[in-house]
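A.B. asks: What follows is a structure written as structure tokens; I'll ask about it next.
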Amino acid sequence: MPHLAEQDGHQVYYHLQGTLNGDTPILFLHGGPGAACQKSDHELLKDCSRPVIFLDQRGCGKSLSDDLLTANTTHALLKDIERLRQQLNVQQFILLGGSWGSTLALSYAIHYPKHVERMILWGIFLCNSAELNWFYREGANWIFPEEYQRFIEPINNLDSVIEEYHQLVTHGSIKQRRQYAAQWARWEAINSFIQPDESTLQQFSDPETSLPMVILETRYFSNLAFLAEDNFILKHIDSISHIPLDIVHGRYDTICPTRSAWLVAQSMQQATMHESPLAAHDASEPQNRAKLKQLISALN
């Protein structure tokens with residue numbers, strides 16, 4: 001299995017679908033942080049004629065780590081992407097990603113604009129204080145009050161929900177840590193779909209698989225993703241306004257409200273906003289999926 005050379009105790013895994021043949025490859029950036037590339041991500045791109053690179057970010061999936069949290073920051077992830085580009089000897093990427101993947105894509109474009117040909121993003125997430133406050137403190141709780149009450153049951157101070165959850169999933173017995181990780185993941189899952197069924201909720205909040213993701217999410221979100229400043233992406237988006245961008249966004253996305261996607265689209269000269277009128281956050285929502293497949297097919 002191919003990995004980037006070890007750095008900071010991390011060996012980052014990547015998978016190349018197809019052959020690097022001169023066409024600009026698609027780089028798929030998964031969500032989370034911590035979610036890793038999933039079977040559904042590969043299925044989304046299985047018919048793509050371009051080469052596709054799937055990258056498991058530090059501490060995720062098939063990537064190997066001495067310590068999950070050591071040297072695990074957005075800056076380090078961006079450096080990994082750039083190391084991957086140099087190792088594969090490609091000049092540019094087409095960036096494809098959603099939610100946290102969109103955060104990483106936009107951040108990479110800001111730091112390395114000449115290496116980005118275009119972007120296809122969904123569920124735009126700027127990882128700023130306003131969005132995090134909306135989802136974890138005051139906003140989404142108005143839509144799912146009963147689930148939010150369940151989510152905050154172990155929390156003492158609503159002003160420090162993320163920080164307290166990080167302590168809960170990094171201290172105590174493994175059974176307790178997994179239990180709290182499942183509670184966090186369930187809150188995300190409830191908000192990811194228009195009509196989530198119980199089997200989907202159980203899959204997304206599996207205590208064993210959700211723990212490493214929640215450890216990373218709470219660490220990143222406690223630090224505003226280690227970006228240079230709050231609202232970093234919007235403050236620097238003018239520098240990438242020339243890059244073609246397609247945004248797919250569910251109107252009923254209660255994790256990443258439409259306003260963020262709209263603000264990005266308004267700031268980009270070549271941005272096209274594709275609204276899914278009856279979809280929530282997840283890429284598997286039927287309207288989101290259909291539009292993404294259409295946009296990917298247009299790249300062939």
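Residue numbering restarts at 1 in every chain; chains get A, B, ... in the order shown in the structure tokens, and ligands count up from 1 in that same order.
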Which residues of region 105-184 of chain A come within 10 Å of region 269-281 of chain A, and for each one, what is the closest pair of atoms and their distance in Å to one decimal, counting only C-alpha atoms, sorted by chain and residue number, as a Markdown table?
C.D. replies:
| residue | atom | partner | partner_atom | distance |
| --- | --- | --- | --- | --- |
| A:Arg118 | CA | A:Gln270 | CA | 9.6 |
| A:Met119 | CA | A:Ala271 | CA | 9.3 |
| A:Ile120 | CA | A:Thr272 | CA | 9.7 |
| A:Leu121 | CA | A:Met273 | CA | 9.9 |
| A:Trp122 | CA | A:His281 | CA | 8.3 |
| A:Gly123 | CA | A:His281 | CA | 5.9 |
| A:Ile124 | CA | A:His281 | CA | 9.4 |
A.B. asks: How many Å lie between CA of Leu16 (chain A) and CA of Leu104 (chain A), rounded to one decimal?
C.D. replies: 19.4 Å
A.B. asks: At what distance in Å, to one decimal, does CA of Gly97 (chain A) lie from CA of Tyr112 (chain A)?
C.D. replies: 16.6 Å
A.B. asks: For region 17-24 of chain A, work out the shell of residues within 7 Å, counting only C-alpha atoms and skipping chain neighbours fewer than 6 positions away, then give it as a list in words.
C.D. replies: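 Final neighbour list, sorted by chain and number: Arg50, Pro51, Val52, Ile53, Gln92, Phe93 and Ile94 of chain A.
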A.B. asks: Any chance you could list, as an NGL selection string, the residues in region 21-254 of chain A that come up strand (DSSP E) when DSSP is run on the backbone?
C.D. replies: :A and (26-29 or 52-55 or 64-65 or 93-98 or 116-122 or 245-250)
A.B. asks: From the options A:Gln179, A:Gln86, A:Ser192, A:Ser49, which residue's atoms come nearest to Phe151 (chain A), counting only C-alpha atoms?
C.D. replies: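 Nearest candidate to Phe151 (chain A) out of A:Gln179, A:Gln86, A:Ser192, A:Ser49: A:Gln179.
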A.B. asks: Select from region 32-148 of chain A everything DSSP, run on the backbone, classes as alpha helix (DSSP H), then give the selection as a PyMOL selection string.
C.D. replies: chain A and resi 39-44+74-88+100-111+129-136+145-148
A.B. asks: For the selection you just gave me, I'd like the residues written to a file as a short mmCIF file (atom, residue, chain, number, x, y, z; two decimals), in the first residue's frame, keeping N, CA and C atoms.
C.D. replies:
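Generated file (out.cif):
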data_model
loop_
_atom_site.label_atom_id
_atom_site.label_comp_id
_atom_site.auth_asym_id
_atom_site.auth_seq_id
_atom_site.Cartn_x
_atom_site.Cartn_y
_atom_site.Cartn_z
N LYS A 39 -16.10 3.74 1.37
CA LYS A 39 -16.51 2.99 0.19
C LYS A 39 -17.41 3.83 -0.70
N SER A 40 -18.29 4.62 -0.10
CA SER A 40 -19.21 5.46 -0.88
C SER A 40 -18.47 6.52 -1.68
N ASP A 41 -17.31 6.97 -1.17
CA ASP A 41 -16.51 7.95 -1.90
C ASP A 41 -15.92 7.32 -3.16
N HIS A 42 -15.44 6.10 -3.03
CA HIS A 42 -14.91 5.38 -4.19
C HIS A 42 -16.01 5.12 -5.21
N GLU A 43 -17.21 4.79 -4.72
CA GLU A 43 -18.33 4.52 -5.62
C GLU A 43 -18.73 5.77 -6.39
N LEU A 44 -18.65 6.93 -5.74
CA LEU A 44 -18.98 8.19 -6.40
C LEU A 44 -18.10 8.42 -7.62
N THR A 74 -4.01 21.57 10.45
CA THR A 74 -4.34 21.88 9.06
C THR A 74 -3.08 22.18 8.26
N HIS A 75 -2.16 22.93 8.85
CA HIS A 75 -0.91 23.25 8.15
C HIS A 75 -0.16 21.98 7.76
N ALA A 76 -0.13 21.00 8.66
CA ALA A 76 0.54 19.73 8.36
C ALA A 76 -0.17 18.98 7.24
N LEU A 77 -1.50 19.01 7.25
CA LEU A 77 -2.26 18.33 6.19
C LEU A 77 -2.01 18.98 4.83
N LEU A 78 -1.93 20.30 4.81
CA LEU A 78 -1.64 21.00 3.55
C LEU A 78 -0.25 20.64 3.05
N LYS A 79 0.70 20.52 3.94
CA LYS A 79 2.05 20.12 3.56
C LYS A 79 2.05 18.70 3.00
N ASP A 80 1.22 17.82 3.58
CA ASP A 80 1.12 16.45 3.06
C ASP A 80 0.58 16.44 1.63
N ILE A 81 -0.43 17.26 1.38
CA ILE A 81 -0.98 17.34 0.02
C ILE A 81 0.08 17.81 -0.96
N GLU A 82 0.85 18.79 -0.55
CA GLU A 82 1.90 19.31 -1.42
C GLU A 82 3.01 18.27 -1.62
N ARG A 83 3.34 17.52 -0.58
CA ARG A 83 4.32 16.43 -0.73
C ARG A 83 3.80 15.38 -1.70
N LEU A 84 2.51 15.08 -1.61
CA LEU A 84 1.90 14.11 -2.53
C LEU A 84 1.98 14.60 -3.97
N ARG A 85 1.67 15.87 -4.18
CA ARG A 85 1.74 16.43 -5.54
C ARG A 85 3.15 16.30 -6.11
N GLN A 86 4.13 16.61 -5.30
CA GLN A 86 5.51 16.54 -5.76
C GLN A 86 5.95 15.10 -6.00
N GLN A 87 5.52 14.20 -5.13
CA GLN A 87 5.90 12.79 -5.28
C GLN A 87 5.31 12.19 -6.56
N LEU A 88 4.08 12.57 -6.88
CA LEU A 88 3.43 12.05 -8.09
C LEU A 88 3.80 12.84 -9.34
N TRP A 100 -15.60 19.15 5.92
CA TRP A 100 -14.20 19.43 6.24
C TRP A 100 -13.31 19.34 5.00
N GLY A 101 -13.68 18.47 4.06
CA GLY A 101 -12.92 18.39 2.81
C GLY A 101 -12.94 19.70 2.05
N SER A 102 -14.04 20.44 2.15
CA SER A 102 -14.10 21.75 1.49
C SER A 102 -13.21 22.76 2.22
N THR A 103 -13.15 22.67 3.55
CA THR A 103 -12.25 23.54 4.32
C THR A 103 -10.81 23.33 3.86
N LEU A 104 -10.43 22.07 3.76
CA LEU A 104 -9.06 21.74 3.38
C LEU A 104 -8.78 22.15 1.94
N ALA A 105 -9.75 21.93 1.05
CA ALA A 105 -9.56 22.30 -0.35
C ALA A 105 -9.36 23.81 -0.51
N LEU A 106 -10.22 24.59 0.11
CA LEU A 106 -10.11 26.05 0.01
C LEU A 106 -8.81 26.54 0.65
N SER A 107 -8.42 25.92 1.75
CA SER A 107 -7.18 26.32 2.41
C SER A 107 -5.97 25.98 1.54
N TYR A 108 -5.99 24.81 0.92
CA TYR A 108 -4.88 24.43 0.02
C TYR A 108 -4.81 25.40 -1.16
N ALA A 109 -5.97 25.74 -1.71
CA ALA A 109 -5.99 26.67 -2.85
C ALA A 109 -5.42 28.03 -2.45
N ILE A 110 -5.73 28.50 -1.26
CA ILE A 110 -5.21 29.79 -0.80
C ILE A 110 -3.69 29.74 -0.65
N HIS A 111 -3.17 28.63 -0.17
CA HIS A 111 -1.72 28.50 0.03
C HIS A 111 -0.97 28.15 -1.25
N SER A 129 -15.75 30.59 13.91
CA SER A 129 -16.44 30.56 15.20
C SER A 129 -17.95 30.65 15.04
N ALA A 130 -18.41 31.37 14.02
CA ALA A 130 -19.86 31.51 13.82
C ALA A 130 -20.50 30.17 13.48
N GLU A 131 -19.87 29.41 12.59
CA GLU A 131 -20.42 28.10 12.22
C GLU A 131 -20.38 27.13 13.40
N LEU A 132 -19.28 27.11 14.12
CA LEU A 132 -19.16 26.19 15.25
C LEU A 132 -20.15 26.55 16.35
N ASN A 133 -20.37 27.83 16.57
CA ASN A 133 -21.37 28.27 17.54
C ASN A 133 -22.77 27.86 17.11
N TRP A 134 -23.04 27.99 15.81
CA TRP A 134 -24.34 27.59 15.27
C TRP A 134 -24.63 26.12 15.56
N PHE A 135 -23.65 25.26 15.29
CA PHE A 135 -23.92 23.83 15.36
C PHE A 135 -23.81 23.26 16.77
N TYR A 136 -22.93 23.80 17.57
CA TYR A 136 -22.69 23.20 18.88
C TYR A 136 -23.25 24.01 20.05
N PRO A 145 -34.27 20.00 19.03
CA PRO A 145 -34.06 20.25 20.47
C PRO A 145 -33.93 18.97 21.29
N GLU A 146 -34.70 17.94 20.94
CA GLU A 146 -34.66 16.71 21.73
C GLU A 146 -33.31 15.99 21.55
N GLU A 147 -32.78 16.03 20.32
CA GLU A 147 -31.48 15.40 20.08
C GLU A 147 -30.35 16.23 20.69
N TYR A 148 -30.51 17.54 20.67
CA TYR A 148 -29.47 18.38 21.27
C TYR A 148 -29.41 18.16 22.77
#
A.B. asks: Tell me which of A:Ile155, A:Ala189, A:Val214, A:Val161 sits closest to Leu201 (chain A), counting only C-alpha atoms.
C.D. replies: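 Using only C-alpha atoms, the shortest distance to Leu201 (chain A) belongs to A:Ala189.
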A.B. asks: From the list A:Ala298, A:Ile26, A:Asp56, A:Glu117, which residue is nearest Gln11 (chain A) when using only C-alpha atoms?
C.D. replies: A:Asp56
A.B. asks: In terms of the shortest atom-to-atom distance over only C-alpha atoms, which of A:Asn128, A:Asn156, A:Asn300, A:Ser210 is closest to Gly34 (chain A)?
C.D. replies: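 Result for the nearest residue to Gly34 (chain A): A:Ser210.
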A.B. asks: Could you tell me how far CA of Pro25 (chain A) sits from CA of Met213 (chain A), in Å to one decimal place?
C.D. replies: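 Calculated distance between CA of Met213 (chain A) and CA of Pro25 (chain A) is 27.0 Å.
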A.B. asks: Go through A:Leu158, A:Val116, A:Ala283, A:Ala181 and flag the residue nearest Ile240 (chain A), using only C-alpha atoms for the distances.
C.D. replies: A:Val116
